[in-house]
There are 2 protein chains.
Amino acid sequence: MDLETVKSKLHAMNFRLTQEREWVLRVFMESGEMFTAMQLYDRVKEQYNKVGLTTVYRLFEVLTKLRLVTPFLIDGEIYYTFCSGGHHHHFVCLDCHRVKNIYGCEMDTRDFSEIGKIEYHRMDLFGHCENCQGSVPSC
Amino acid sequence: MDLETVKSKLHAMNFRLTQEREWVLRVFMESGEMFTAMQLYDRVKEQYNKVGLTTVYRLFEVLTKLRLVTPFLIDGEIYYTFCSGGHHHHFVCLDCHRVKNIYGCEMDTRDFSEIGKIEYHRMDLFGHCENCQGSVPSC
DNA sequence: GCCTTATAGAAAAACATTTTCTATAAGCGT
DNA sequence: ACGCTTATAGAAAATGTTTTTCTATAAGGC
């Protein structure tokens, strides 16, 4: 998904497309990484201008509502990753925290009606990516 | 899994089996619910004695390390659920936060060697349990 | 029983997140 | 292009959660 699509989704929900949100979105979407609020804040400051940390928190909140980001709890810290397009799952590298999407979901074909009414599900794999399989993370 | 088994697992890792841990463990394991640290703290206080909130936090930390609890991030809050026995996944009721285990995992048969070395995975379903499918949560 | 050392718990500190408040600017209608 | 309405930015304060610190206690080995 590109920036323009996200913009129009925000627009459709009556959210405004401020300059600051665009900066944060750019960095977030182009990186392919997951960030804590503080990490994204720092990265945006490096690449564009300083924005308020509050702005980053608020964007995460909005995007989570729109289901464009997925939060991950890793070692007690909340990381957010950009998520869009079709249904997919995640591989998260425990070393470098990069995320790869995994397509193909067997769960969709299973019947869970006895358990409850399913709203959504998630499936996350954790491990070490190709670049991080040496003793020291390399990415 | 019963309390004695958990005790021996703690023991095997050089953790001590204090009276306070036993109280907290009892409430936690017998409830079948997920708790935030504060919620479990309150519940233990009701059913047994007052224990330190710090003690609850420390027990969650230990049990997470031993993979006997799984943390869930729901609406920005961290809930812990007791988890043991064979490999399973979770259904979490978004209304009452009760957890049901789901056995049978297709992921085990898939090959993810191209993606990375998998350490573990988790799969969580979210929805509304049978008791909570009316307009108001009933449990 | 004695000794070593992990643990309990209160209090303080650290940290993350949310709220508040005012100035600003986005996006609409004209 | 202009003006109007209202969402938003960002600093600062408040809030709430989690961790750390410190000392007394008790668990478990000998």
# chains A, B, ... in the order shown; residues from 1 in each chain; ligands from 1

call {"tool": "residues_around", "arguments": {"residues": "range 103-119 of chain B", "least_positions_apart": "3", "cutoff": "6 Å", "atoms": "only C-alpha atoms (C1' of nucleotides)", "output": "PyMOL selection string"}}
result
(chain A and resi 126-130) or (chain B and resi 88)

call {"tool": "interface_residues", "arguments": {"of": "chain D", "to": "chain B", "cutoff": "12 Å", "atoms": "only C-alpha atoms (C1' of nucleotides)", "output": "list of chain:residue names"}}
result
D:DG16, D:DT17, D:DT18, D:DT19, D:DT20, D:DT25, D:DA26, D:DA27, D:DG28, D:DG29

call {"tool": "write_last_selection", "arguments": {"atoms": "N, CA and C atoms (P, O5', C5', C4', C3', O3' and C1' of nucleotides)", "output": "PDB file, in the first residue's frame"}}
result
ATOM      1  P    DG D  16      -4.802   7.608  36.817  1.00  0.00           P
ATOM      2  O5'  DG D  16      -3.965   6.374  36.263  1.00  0.00           O
ATOM      3  C5'  DG D  16      -3.764   6.241  34.856  1.00  0.00           C
ATOM      4  C4'  DG D  16      -2.693   5.203  34.624  1.00  0.00           C
ATOM      5  C3'  DG D  16      -2.673   4.102  35.693  1.00  0.00           C
ATOM      6  O3'  DG D  16      -2.602   2.866  35.020  1.00  0.00           O
ATOM      7  C1'  DG D  16      -0.534   5.081  35.486  1.00  0.00           C
ATOM      8  P    DT D  17      -2.626   1.501  35.797  1.00  0.00           P
ATOM      9  O5'  DT D  17      -1.349   0.783  35.211  1.00  0.00           O
ATOM     10  C5'  DT D  17      -0.873   1.139  33.912  1.00  0.00           C
ATOM     11  C4'  DT D  17       0.591   0.818  33.792  1.00  0.00           C
ATOM     12  C3'  DT D  17       1.005  -0.508  34.444  1.00  0.00           C
ATOM     13  O3'  DT D  17       1.742  -1.214  33.466  1.00  0.00           O
ATOM     14  C1'  DT D  17       2.439   1.239  35.136  1.00  0.00           C
ATOM     15  P    DT D  18       2.059  -2.756  33.596  1.00  0.00           P
ATOM     16  O5'  DT D  18       3.586  -2.700  34.048  1.00  0.00           O
ATOM     17  C5'  DT D  18       4.530  -2.155  33.136  1.00  0.00           C
ATOM     18  C4'  DT D  18       5.833  -1.923  33.843  1.00  0.00           C
ATOM     19  C3'  DT D  18       6.392  -3.160  34.563  1.00  0.00           C
ATOM     20  O3'  DT D  18       7.590  -3.492  33.885  1.00  0.00           O
ATOM     21  C1'  DT D  18       6.612  -1.185  35.875  1.00  0.00           C
ATOM     22  P    DT D  19       8.642  -4.527  34.440  1.00  0.00           P
ATOM     23  O5'  DT D  19       9.667  -3.605  35.227  1.00  0.00           O
ATOM     24  C5'  DT D  19      10.260  -2.502  34.559  1.00  0.00           C
ATOM     25  C4'  DT D  19      11.276  -1.830  35.469  1.00  0.00           C
ATOM     26  C3'  DT D  19      12.257  -2.795  36.133  1.00  0.00           C
ATOM     27  O3'  DT D  19      13.546  -2.237  35.945  1.00  0.00           O
ATOM     28  C1'  DT D  19      11.188  -1.446  37.774  1.00  0.00           C
ATOM     29  P    DT D  20      14.843  -3.024  36.468  1.00  0.00           P
ATOM     30  O5'  DT D  20      15.265  -2.162  37.742  1.00  0.00           O
ATOM     31  C5'  DT D  20      15.285  -0.747  37.649  1.00  0.00           C
ATOM     32  C4'  DT D  20      15.551  -0.146  39.023  1.00  0.00           C
ATOM     33  C3'  DT D  20      16.614  -0.891  39.834  1.00  0.00           C
ATOM     34  O3'  DT D  20      17.552   0.087  40.253  1.00  0.00           O
ATOM     35  C1'  DT D  20      14.641  -0.582  41.126  1.00  0.00           C
ATOM     36  P    DT D  25      12.517  -9.009  60.375  1.00  0.00           P
ATOM     37  O5'  DT D  25      12.259 -10.151  59.317  1.00  0.00           O
ATOM     38  C5'  DT D  25      11.184 -10.001  58.365  1.00  0.00           C
ATOM     39  C4'  DT D  25      11.199 -11.164  57.400  1.00  0.00           C
ATOM     40  C3'  DT D  25      11.265 -12.541  58.062  1.00  0.00           C
ATOM     41  O3'  DT D  25      10.213 -13.314  57.527  1.00  0.00           O
ATOM     42  C1'  DT D  25      12.841 -12.380  56.318  1.00  0.00           C
ATOM     43  P    DA D  26       9.654 -14.584  58.330  1.00  0.00           P
ATOM     44  O5'  DA D  26       9.865 -15.715  57.240  1.00  0.00           O
ATOM     45  C5'  DA D  26       9.485 -15.456  55.882  1.00  0.00           C
ATOM     46  C4'  DA D  26      10.275 -16.383  54.985  1.00  0.00           C
ATOM     47  C3'  DA D  26      10.356 -17.821  55.477  1.00  0.00           C
ATOM     48  O3'  DA D  26      10.394 -18.651  54.345  1.00  0.00           O
ATOM     49  C1'  DA D  26      12.494 -17.016  55.186  1.00  0.00           C
ATOM     50  P    DA D  27       9.452 -19.920  54.239  1.00  0.00           P
ATOM     51  O5'  DA D  27      10.076 -20.599  52.944  1.00  0.00           O
ATOM     52  C5'  DA D  27      10.298 -19.802  51.781  1.00  0.00           C
ATOM     53  C4'  DA D  27      11.440 -20.391  50.962  1.00  0.00           C
ATOM     54  C3'  DA D  27      11.505 -21.912  50.997  1.00  0.00           C
ATOM     55  O3'  DA D  27      11.784 -22.348  49.689  1.00  0.00           O
ATOM     56  C1'  DA D  27      13.532 -20.991  51.824  1.00  0.00           C
ATOM     57  P    DG D  28      11.567 -23.850  49.275  1.00  0.00           P
ATOM     58  O5'  DG D  28      13.043 -24.439  49.390  1.00  0.00           O
ATOM     59  C5'  DG D  28      14.071 -23.842  48.599  1.00  0.00           C
ATOM     60  C4'  DG D  28      15.417 -24.382  49.024  1.00  0.00           C
ATOM     61  C3'  DG D  28      15.442 -25.903  49.264  1.00  0.00           C
ATOM     62  O3'  DG D  28      16.651 -26.396  48.715  1.00  0.00           O
ATOM     63  C1'  DG D  28      16.261 -24.796  51.143  1.00  0.00           C
ATOM     64  P    DG D  29      16.861 -27.951  48.501  1.00  0.00           P
ATOM     65  O5'  DG D  29      18.430 -28.073  48.729  1.00  0.00           O
ATOM     66  C5'  DG D  29      19.312 -27.103  48.136  1.00  0.00           C
ATOM     67  C4'  DG D  29      20.555 -26.970  48.991  1.00  0.00           C
ATOM     68  C3'  DG D  29      21.179 -28.319  49.377  1.00  0.00           C
ATOM     69  O3'  DG D  29      22.578 -28.270  49.152  1.00  0.00           O
ATOM     70  C1'  DG D  29      20.716 -27.042  51.334  1.00  0.00           C
TER      71       DG D  29
END

call {"tool": "select_by_dssp", "arguments": {"residues": "chain B", "states": "strand (DSSP E)", "output": "PyMOL selection string"}}
result
chain B and resi 34-35+69-74+77-82+89-93+99-102+116-129

call {"tool": "closest_residue", "arguments": {"among": "A:Leu66, A:Cys132, A:Val44, A:Ala12", "to": "Cys93 in chain A", "atoms": "only C-alpha atoms"}}
result
A:Cys132

call {"tool": "closest_residue", "arguments": {"among": "C:DT24, C:DT18, C:DG29, C:DT5", "to": "DT15 in chain D", "atoms": "only C-alpha atoms (C1' of nucleotides)"}}
result
C:DT18

call {"tool": "interface_residues", "arguments": {"of": "chain C", "to": "chain B", "cutoff": "10 Å", "atoms": "only C-alpha atoms (C1' of nucleotides)", "output": "list of chain:residue names"}}
result
C:DA6, C:DT7, C:DA8, C:DG9, C:DA10, C:DT17

call {"tool": "select_by_dssp", "arguments": {"residues": "chain B", "states": "alpha helix (DSSP H)", "output": "VMD selection string"}}
result
chain B and resid 3 to 12 19 to 31 37 to 47 53 to 65

call {"tool": "write_last_selection", "arguments": {"atoms": "N, CA and C atoms", "output": "short mmCIF file (atom, residue, chain, number, x, y, z; two decimals), in the first residue's frame"}}
result
data_model
loop_
_atom_site.label_atom_id
_atom_site.label_comp_id
_atom_site.auth_asym_id
_atom_site.auth_seq_id
_atom_site.Cartn_x
_atom_site.Cartn_y
_atom_site.Cartn_z
N LEU B 3 -0.38 -27.41 40.41
CA LEU B 3 0.50 -26.55 41.19
C LEU B 3 1.83 -27.23 41.49
N GLU B 4 1.76 -28.53 41.80
CA GLU B 4 2.99 -29.25 42.17
C GLU B 4 3.99 -29.27 41.03
N THR B 5 3.47 -29.44 39.83
CA THR B 5 4.35 -29.46 38.66
C THR B 5 5.03 -28.11 38.47
N VAL B 6 4.26 -27.05 38.63
CA VAL B 6 4.83 -25.71 38.50
C VAL B 6 5.90 -25.50 39.56
N LYS B 7 5.57 -25.93 40.77
CA LYS B 7 6.53 -25.83 41.87
C LYS B 7 7.85 -26.50 41.49
N SER B 8 7.74 -27.70 40.95
CA SER B 8 8.99 -28.41 40.66
C SER B 8 9.74 -27.77 39.50
N LYS B 9 8.99 -27.14 38.59
CA LYS B 9 9.67 -26.43 37.51
C LYS B 9 10.41 -25.21 38.03
N LEU B 10 9.77 -24.52 38.95
CA LEU B 10 10.43 -23.38 39.58
C LEU B 10 11.67 -23.85 40.31
N HIS B 11 11.46 -24.91 41.04
CA HIS B 11 12.54 -25.47 41.83
C HIS B 11 13.73 -25.83 40.96
N ALA B 12 13.44 -26.44 39.84
CA ALA B 12 14.49 -26.89 38.94
C ALA B 12 15.32 -25.71 38.40
N GLN B 19 5.63 -18.93 50.23
CA GLN B 19 4.20 -18.92 50.54
C GLN B 19 3.46 -17.93 49.63
N GLU B 20 4.05 -16.75 49.45
CA GLU B 20 3.40 -15.72 48.65
C GLU B 20 3.23 -16.18 47.20
N ARG B 21 4.23 -16.79 46.65
CA ARG B 21 4.12 -17.29 45.27
C ARG B 21 3.05 -18.36 45.16
N GLU B 22 2.95 -19.16 46.20
CA GLU B 22 1.94 -20.20 46.15
C GLU B 22 0.54 -19.62 46.14
N TRP B 23 0.32 -18.59 46.95
CA TRP B 23 -0.99 -17.94 46.95
C TRP B 23 -1.33 -17.38 45.56
N VAL B 24 -0.37 -16.67 45.01
CA VAL B 24 -0.62 -16.04 43.71
C VAL B 24 -0.85 -17.10 42.64
N LEU B 25 0.00 -18.12 42.66
CA LEU B 25 -0.14 -19.20 41.69
C LEU B 25 -1.49 -19.90 41.78
N ARG B 26 -1.91 -20.16 43.00
CA ARG B 26 -3.21 -20.82 43.21
C ARG B 26 -4.33 -20.06 42.52
N VAL B 27 -4.43 -18.79 42.86
CA VAL B 27 -5.50 -17.96 42.29
C VAL B 27 -5.38 -17.94 40.77
N PHE B 28 -4.18 -17.75 40.29
CA PHE B 28 -3.94 -17.62 38.86
C PHE B 28 -4.34 -18.90 38.13
N MET B 29 -3.86 -20.03 38.62
CA MET B 29 -4.07 -21.28 37.91
C MET B 29 -5.50 -21.78 38.00
N GLU B 30 -6.14 -21.51 39.13
CA GLU B 30 -7.49 -22.04 39.32
C GLU B 30 -8.56 -21.23 38.59
N SER B 31 -8.19 -20.01 38.20
CA SER B 31 -9.21 -19.12 37.64
C SER B 31 -9.53 -19.40 36.18
N ALA B 37 -1.41 -7.39 35.98
CA ALA B 37 -0.74 -7.56 37.28
C ALA B 37 -1.64 -7.04 38.40
N MET B 38 -2.21 -5.88 38.17
CA MET B 38 -3.06 -5.27 39.20
C MET B 38 -4.30 -6.12 39.49
N GLN B 39 -4.89 -6.67 38.46
CA GLN B 39 -6.09 -7.49 38.65
C GLN B 39 -5.79 -8.74 39.48
N LEU B 40 -4.66 -9.38 39.18
CA LEU B 40 -4.32 -10.58 39.93
C LEU B 40 -3.98 -10.21 41.37
N TYR B 41 -3.29 -9.11 41.53
CA TYR B 41 -2.98 -8.60 42.86
C TYR B 41 -4.25 -8.43 43.68
N ASP B 42 -5.26 -7.81 43.08
CA ASP B 42 -6.53 -7.59 43.79
C ASP B 42 -7.21 -8.92 44.13
N ARG B 43 -7.20 -9.84 43.17
CA ARG B 43 -7.87 -11.10 43.37
C ARG B 43 -7.22 -11.91 44.49
N VAL B 44 -5.90 -11.89 44.52
CA VAL B 44 -5.19 -12.63 45.57
C VAL B 44 -5.52 -12.04 46.94
N LYS B 45 -5.60 -10.75 46.98
CA LYS B 45 -5.92 -10.05 48.22
C LYS B 45 -7.29 -10.48 48.73
N GLU B 46 -8.24 -10.60 47.80
CA GLU B 46 -9.59 -11.06 48.17
C GLU B 46 -9.56 -12.47 48.74
N GLN B 47 -8.90 -13.37 48.03
CA GLN B 47 -9.03 -14.79 48.36
C GLN B 47 -8.06 -15.28 49.42
N LEU B 53 2.44 -5.99 45.26
CA LEU B 53 2.25 -5.94 43.81
C LEU B 53 3.55 -6.32 43.11
N THR B 54 4.65 -5.95 43.71
CA THR B 54 5.96 -6.30 43.16
C THR B 54 6.11 -7.81 43.02
N THR B 55 5.59 -8.51 44.00
CA THR B 55 5.67 -9.97 43.97
C THR B 55 4.93 -10.54 42.75
N VAL B 56 3.77 -9.96 42.46
CA VAL B 56 3.00 -10.41 41.30
C VAL B 56 3.79 -10.14 40.02
N TYR B 57 4.34 -8.95 39.92
CA TYR B 57 5.15 -8.63 38.73
C TYR B 57 6.30 -9.60 38.58
N ARG B 58 6.96 -9.87 39.72
CA ARG B 58 8.12 -10.76 39.65
C ARG B 58 7.71 -12.18 39.27
N LEU B 59 6.57 -12.63 39.74
CA LEU B 59 6.14 -13.97 39.39
C LEU B 59 5.81 -14.06 37.89
N PHE B 60 5.15 -13.05 37.37
CA PHE B 60 4.86 -13.03 35.93
C PHE B 60 6.16 -13.08 35.12
N GLU B 61 7.14 -12.36 35.61
CA GLU B 61 8.43 -12.33 34.92
C GLU B 61 9.06 -13.73 34.87
N VAL B 62 9.05 -14.37 36.03
CA VAL B 62 9.62 -15.71 36.14
C VAL B 62 8.85 -16.71 35.26
N LEU B 63 7.54 -16.66 35.37
CA LEU B 63 6.72 -17.63 34.63
C LEU B 63 6.81 -17.40 33.12
N THR B 64 6.96 -16.15 32.73
CA THR B 64 7.13 -15.86 31.31
C THR B 64 8.42 -16.47 30.79
N LYS B 65 9.47 -16.35 31.61
CA LYS B 65 10.75 -16.94 31.26
C LYS B 65 10.62 -18.45 31.10
#

call {"tool": "closest_residue", "arguments": {"among": "B:His89, B:His121, B:Arg67, B:Lys100", "to": "chain A", "atoms": "only C-alpha atoms"}}
result
B:His121

call {"tool": "closest_residue", "arguments": {"among": "C:DC3, C:DA23, C:DC28, C:DA12", "to": "DA9 in chain D", "atoms": "only C-alpha atoms (C1' of nucleotides)"}}
result
C:DA23

call {"tool": "atom_distance", "arguments": {"atom1": "CA of Asp95 in chain B", "atom2": "CA of Met34 in chain B"}}
result
12.2 Å

call {"tool": "atom_distance", "arguments": {"atom1": "CA of Lys50 in chain A", "atom2": "C1' of DA11 in chain D"}}
result
13.1 Å
